[in-house]
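What follows is a short report on a single structure.
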Amino acid sequence: MNLHELGAVEIVSGLRARSFSVVELVQALLARINDLDHLHAWVHVDPEAVIVQAHQKQLELDAGSSAPLIGVPTGIKDIFYTAGVPTTACSKVCADFVPEHDATTVARLKAAGGIMFGKTVTTEFAYRDPSPTRNPWNLDHTPGGSSSGSAAAVAAMMCPTAFGTQTRGSVLRPASYNGIVGLKPTFGRVSRFGVVPLSWSFDHVGWMARSVEDVALVLQVMAGPDTNDPTTVYDEVPDYCVAIKNPGPPHVGVLQDYFFENADDDVRAHTQEVIERLACEGARVEHIELPESFKGAMADQLIILAVEAANFHEPLLKQKADLYGPNIRELVETGLGIKAVTYSRALESRVQFMADAERLSKRAQVLLTPSTPTPAPGDLSVTGSAMFQGPWTSTGLPTVTVPSGLSQSGLPLGIQLIAARLEEARLLSAARWCEQVLGTMPAPPL
């Protein structure tokens with residue numbers, strides 16, 4: 001048994017069956033990280049601290065712990081606060097920052113028995129300045145951003161799960177580029193407390209794994225209100241793990257026009273083949289048109305993002321402008337120059353788009369698009385296009401990407417599924433069914 005190949009659900013099951021110990025598991029993963037150092041997925045890993053955690057979790061397991069994530073090593077994107085461990089946002093601006101408390105999501109991970117395995121590389125302040133991380137499928141291609149290290153680490157089997165964040169496309173895009181599953185829950189379903197912000201209106205916490213089953217398990221732990229984050233919702237948390245058992249063929253609403261027009265030939269043909277395959281297996285497929293308000297949604301999102309990024313970064317920029325990367329600095333400076341009335345109009349237009357998107361999402365169990373316009377670009381100076389994920393981040397609707405095969409060039413492709421607000425149970429059920437139909441993604445050729 002290769003322990004590094006196990007997913008979160010398999011790890012919990014194997015540990016409870018005493019097939020291996022927590023220490024054996026983390027030692028195998030630490031060796032994997034060491035062997036794959038050239039991928040530059042991690043910014044901070046403390047092997048001694050990880051081994052200490054592993055011994056503690058083994059004691060808890062031996063004492064009969066029923067914690068849902070017991071012994072599961074999880075990568076943490078380096079914008080999540082981790083008590084006593086540097087949180088730098090991969091920026092010289094925050095090079096010496098060590099938080100005194102954990103982000104709510106990190107605290108919930110630990111409370112559920114999980115292991116804070118290390119900090120994964122992010123693009124600077126989770127924006128577009130590319131990170132040093134490499135795509136394990138092809139080292140000359142971007143892993144995507146901003147959650148680049150998390151995506152590469154999970155795809156290369158250095159950890160079974162990893163946290164990311166998405167302000168436009170920063171969970172689903174790198175997940176798709178690296179051939180894994182990425183989930184962005186509904187806005188407010190998961191706390192953002194203790195996460196370095198980029199845009200208060202759009203920031204979401206999400207995560208990646210190699211199966212729908214694993215992302216559902218993590219959601220079960222992370223979902224729920226938090227008094228430290230006033231945007232979190234108090235709606236009841238369903239049993240997501242039960243929801244994905246024995247899924248039936250879903251009603252799928254296919255969104256073509258914008259998404260097919262902006263996809264390259266390879267992605268377009270592949271997505272059409274996937275749709276036909278799903279239909280042949282029993283899915284009810286319906287083609288649905290986008291609302292008129294969709295046309296201006298991305299431009300509005302960029303205005304709002306720039307202003308809100310400027311709001312957070314202005315004090316730091318005044319003190320440490322020379323330490324900022326060019327793209328994040330340009331974003332902040334652009335935001336500082338946008339008029340209040342322009343920002344207000346963008347917010348007003350967004351309200352209309354959110355209402356239209358919510359109505360759209362209720363026309364099927366899930367909406368379907370390609371996850372990305374192209375496979376991972378062969379250009380390490382970019383992080384790829386967020387144009388297919390951005391609209392759904394703007395609306396706050398839950399989305400997931402599921403690997404669907406390989407491009408003509410041998411790079412991963414995926415399908416993006418979107419559901420109505422707080423309908424993660426229906427979303428993940430449909431994703432699980434699609435995953436079963438499409439089959440297991442091969443491992444990258446490391």
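Within each chain, counting starts at residue 1; across the structure tokens, chains are named A, B, ... in the order shown, with ligands numbered 1 upward in that order.
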Need to verify the contact set: His141 (chain A), 10 Å, only C-alpha atoms, exclusion of same-chain residues closer than 5 positions in sequence. Can you return it as a PDB file with N, CA and C atoms, in the first residue's frame?
ATOM      1  N   THR A 133       5.432  27.854  -7.902  1.00  0.00           N
ATOM      2  CA  THR A 133       4.903  26.487  -7.992  1.00  0.00           C
ATOM      3  C   THR A 133       4.806  26.028  -9.437  1.00  0.00           C
ATOM      4  N   ARG A 134       5.064  24.742  -9.669  1.00  0.00           N
ATOM      5  CA  ARG A 134       4.992  24.149 -11.003  1.00  0.00           C
ATOM      6  C   ARG A 134       3.838  23.143 -11.084  1.00  0.00           C
ATOM      7  N   ASN A 135       3.310  23.002 -12.270  1.00  0.00           N
ATOM      8  CA  ASN A 135       2.223  22.047 -12.514  1.00  0.00           C
ATOM      9  C   ASN A 135       2.810  20.640 -12.624  1.00  0.00           C
ATOM     10  N   PRO A 136       2.381  19.698 -11.779  1.00  0.00           N
ATOM     11  CA  PRO A 136       2.979  18.352 -11.826  1.00  0.00           C
ATOM     12  C   PRO A 136       2.710  17.594 -13.118  1.00  0.00           C
ATOM     13  N   TYR A 177      -6.757  22.740 -13.586  1.00  0.00           N
ATOM     14  CA  TYR A 177      -5.461  22.657 -14.268  1.00  0.00           C
ATOM     15  C   TYR A 177      -4.628  21.480 -13.776  1.00  0.00           C
ATOM     16  N   PRO A 375      -6.722  24.299 -21.411  1.00  0.00           N
ATOM     17  CA  PRO A 375      -5.899  23.624 -20.398  1.00  0.00           C
ATOM     18  C   PRO A 375      -4.918  24.628 -19.799  1.00  0.00           C
ATOM     19  N   ALA A 376      -4.166  24.202 -18.801  1.00  0.00           N
ATOM     20  CA  ALA A 376      -3.179  25.083 -18.162  1.00  0.00           C
ATOM     21  C   ALA A 376      -2.239  25.681 -19.206  1.00  0.00           C
ATOM     22  N   PRO A 377      -2.144  27.012 -19.281  1.00  0.00           N
ATOM     23  CA  PRO A 377      -1.265  27.637 -20.271  1.00  0.00           C
ATOM     24  C   PRO A 377       0.206  27.266 -20.064  1.00  0.00           C
ATOM     25  N   GLY A 378       0.928  27.154 -21.175  1.00  0.00           N
ATOM     26  CA  GLY A 378       2.358  26.882 -21.123  1.00  0.00           C
ATOM     27  C   GLY A 378       3.148  28.155 -20.978  1.00  0.00           C
ATOM     28  N   ASP A 379       2.824  28.925 -19.941  1.00  0.00           N
ATOM     29  CA  ASP A 379       3.447  30.230 -19.709  1.00  0.00           C
ATOM     30  C   ASP A 379       3.493  30.451 -18.208  1.00  0.00           C
ATOM     31  N   LEU A 380       4.671  30.388 -17.631  1.00  0.00           N
ATOM     32  CA  LEU A 380       4.807  30.499 -16.181  1.00  0.00           C
ATOM     33  C   LEU A 380       4.694  31.931 -15.672  1.00  0.00           C
ATOM     34  N   SER A 381       4.520  32.879 -16.580  1.00  0.00           N
ATOM     35  CA  SER A 381       4.356  34.273 -16.167  1.00  0.00           C
ATOM     36  C   SER A 381       2.889  34.640 -15.966  1.00  0.00           C
ATOM     37  N   VAL A 382       1.987  33.684 -16.202  1.00  0.00           N
ATOM     38  CA  VAL A 382       0.553  33.913 -16.010  1.00  0.00           C
ATOM     39  C   VAL A 382      -0.010  32.829 -15.104  1.00  0.00           C
ATOM     40  N   THR A 383      -1.233  33.074 -14.607  1.00  0.00           N
ATOM     41  CA  THR A 383      -1.895  32.068 -13.768  1.00  0.00           C
ATOM     42  C   THR A 383      -3.177  31.547 -14.402  1.00  0.00           C
ATOM     43  N   GLY A 384      -3.453  31.949 -15.627  1.00  0.00           N
ATOM     44  CA  GLY A 384      -4.639  31.471 -16.325  1.00  0.00           C
ATOM     45  C   GLY A 384      -5.824  32.408 -16.181  1.00  0.00           C
ATOM     46  N   LEU A 411      -2.913  17.392 -20.898  1.00  0.00           N
ATOM     47  CA  LEU A 411      -3.146  18.156 -19.676  1.00  0.00           C
ATOM     48  C   LEU A 411      -4.585  17.968 -19.205  1.00  0.00           C
TER      49      LEU A 411
END
- Item | Backbone-only DSSP, alpha helix (DSSP H) members of region 219-412 of chain A, as number ranges by chain | A: 219-222, 240-243, 257-261, 265-280, 297-320, 326-336, 340-361, 390-395
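Secondary structure from DSSP on the backbone puts strand (DSSP E or B) at the following positions of region 179-392 of chain A: Val181, Gly182, Leu183, Lys184, Val190, Val195, His204, Val205, Gly206, Trp207, Met208, Ala209, Ala223, His251, Val252, Gly253, Val254, Arg284, Val285, Glu286, His287, Val366, Leu367, Leu368, Thr369 and Pro370 of chain A.
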- Query: Between A:Asp322, A:Asp266, A:Glu292, A:Glu330, which has the minimum distance to Ser349 (chain A) (counting only C-alpha atoms)?
  - Reply: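 Smallest distance to Ser349 (chain A) is found for A:Glu292.
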- Item | Polymer residues at most 7 Å from Ala306 (chain A), only C-alpha atoms, same-chain spacing of 6 or more positions, as a PyMOL selection string | chain A and resi 331-332+334-335
Selection export as an mmCIF file, in the first residue's frame, atoms kept: C-alpha atoms:
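The file below, result_25.cif, is the result:
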data_model
loop_
_atom_site.group_PDB
_atom_site.id
_atom_site.type_symbol
_atom_site.label_atom_id
_atom_site.label_comp_id
_atom_site.auth_asym_id
_atom_site.auth_seq_id
_atom_site.Cartn_x
_atom_site.Cartn_y
_atom_site.Cartn_z
ATOM 1 C CA LEU A 331 -4.608 46.451 -8.594
ATOM 2 C CA VAL A 332 -4.427 48.509 -5.403
ATOM 3 C CA THR A 334 -6.236 51.173 -9.719
ATOM 4 C CA GLY A 335 -8.708 50.699 -6.885
#
- Query: In Å, with one decimal, what is the gap from CA of Leu219 (chain A) to CA of Ser21 (chain A)?
  - Reply: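 Rounded to one decimal, the two atoms are 24.6 Å apart.
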- Give me the residues within 7 Å of region 357-372 of chain A as a ChimeraX atom specification, counting only C-alpha atoms and dropping any in the same chain fewer than 4 places off. /A:173,176,250-255,259,271,353,388,395,401,414-420,426-427
Resulting file, chosen residues, C-alpha atoms, as a short mmCIF file (atom, residue, chain, number, x, y, z; two decimals), in the first residue's frame:
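Saved result, again25.cif, follows:
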data_model
loop_
_atom_site.label_atom_id
_atom_site.label_comp_id
_atom_site.auth_asym_id
_atom_site.auth_seq_id
_atom_site.Cartn_x
_atom_site.Cartn_y
_atom_site.Cartn_z
CA ARG A 173 -9.11 27.02 -11.86
CA SER A 176 -8.95 21.91 -12.92
CA PRO A 250 -29.08 14.70 -12.32
CA HIS A 251 -30.99 17.31 -14.29
CA VAL A 252 -28.19 19.31 -15.93
CA GLY A 253 -28.60 22.78 -17.37
CA VAL A 254 -25.86 23.36 -19.94
CA LEU A 255 -24.66 26.95 -20.39
CA PHE A 259 -18.60 29.52 -22.26
CA THR A 271 -17.01 19.38 -23.08
CA PHE A 353 -27.05 39.73 -11.68
CA PHE A 388 -15.44 30.89 -16.30
CA THR A 395 -23.04 35.68 -7.14
CA THR A 401 -14.93 21.29 -10.63
CA GLY A 414 -12.67 19.54 -16.02
CA ILE A 415 -16.35 20.39 -15.90
CA GLN A 416 -17.69 23.09 -13.61
CA LEU A 417 -21.02 22.52 -11.88
CA ILE A 418 -23.04 25.30 -10.27
CA ALA A 419 -26.04 24.97 -7.93
CA ALA A 420 -28.51 27.23 -6.16
CA ARG A 426 -27.50 18.61 -4.52
CA LEU A 427 -24.33 19.98 -6.09
#
- Excluding same-chain residues fewer than 5 positions from Trp433 (chain A), what lies within 7 Å of it counting only C-alpha atoms, as a ChimeraX atom specification? /A:247-249
Taking 5 positions as the minimum chain separation for residues in the same chain, which residues sit within 9 Å of Ile244 (chain A) when counting only C-alpha atoms? Answer as a CSV table (one decimal) with C-alpha atoms, in the first residue's frame.
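Below is the file selection_33.csv, written as the result:
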chain,number,residue,atom,x,y,z
A,212,VAL,CA,-15.9,14.4,-4.4
A,213,GLU,CA,-16.3,12.2,-1.4
A,216,ALA,CA,-17.9,16.6,1.0
A,425,ALA,CA,-25.9,18.6,-1.1
A,426,ARG,CA,-27.5,18.6,-4.5
A,428,LEU,CA,-22.1,17.3,-4.6
A,429,SER,CA,-24.6,14.5,-5.4
A,430,ALA,CA,-24.5,15.5,-9.0
A,431,ALA,CA,-20.7,15.9,-8.9
A,432,ARG,CA,-20.4,12.4,-7.4
A,433,TRP,CA,-22.6,10.9,-10.1
- Item | Spatial neighbours of Phe187 (chain A), max dist 7 Å, only C-alpha atoms, sep filter under 5 positions, as a ChimeraX atom specification | /A:204,396-397
Expected file: the selected residues, N, CA and C atoms, as a PDB file, in the first residue's frame:
ATOM      1  N   HIS A 204     -14.036  33.745  -0.846  1.00  0.00           N
ATOM      2  CA  HIS A 204     -14.614  32.495  -0.349  1.00  0.00           C
ATOM      3  C   HIS A 204     -13.484  31.580   0.115  1.00  0.00           C
ATOM      4  N   GLY A 396     -21.918  34.324  -5.454  1.00  0.00           N
ATOM      5  CA  GLY A 396     -21.859  33.551  -4.221  1.00  0.00           C
ATOM      6  C   GLY A 396     -22.437  32.154  -4.328  1.00  0.00           C
ATOM      7  N   LEU A 397     -22.798  31.722  -5.533  1.00  0.00           N
ATOM      8  CA  LEU A 397     -23.380  30.385  -5.698  1.00  0.00           C
ATOM      9  C   LEU A 397     -22.307  29.307  -5.524  1.00  0.00           C
TER      10      LEU A 397
END
- For Glu276 (chain A), which residue out of A:Thr165, A:Ser394, A:Ala89, A:Leu438 is the nearest one, using only C-alpha atoms?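 Comparing A:Thr165, A:Ser394, A:Ala89, A:Leu438 against Glu276 (chain A), the winner is A:Leu438.
You will find CA of Thr393 (chain A) at 26.8 Å from CA of Val437 (chain A).
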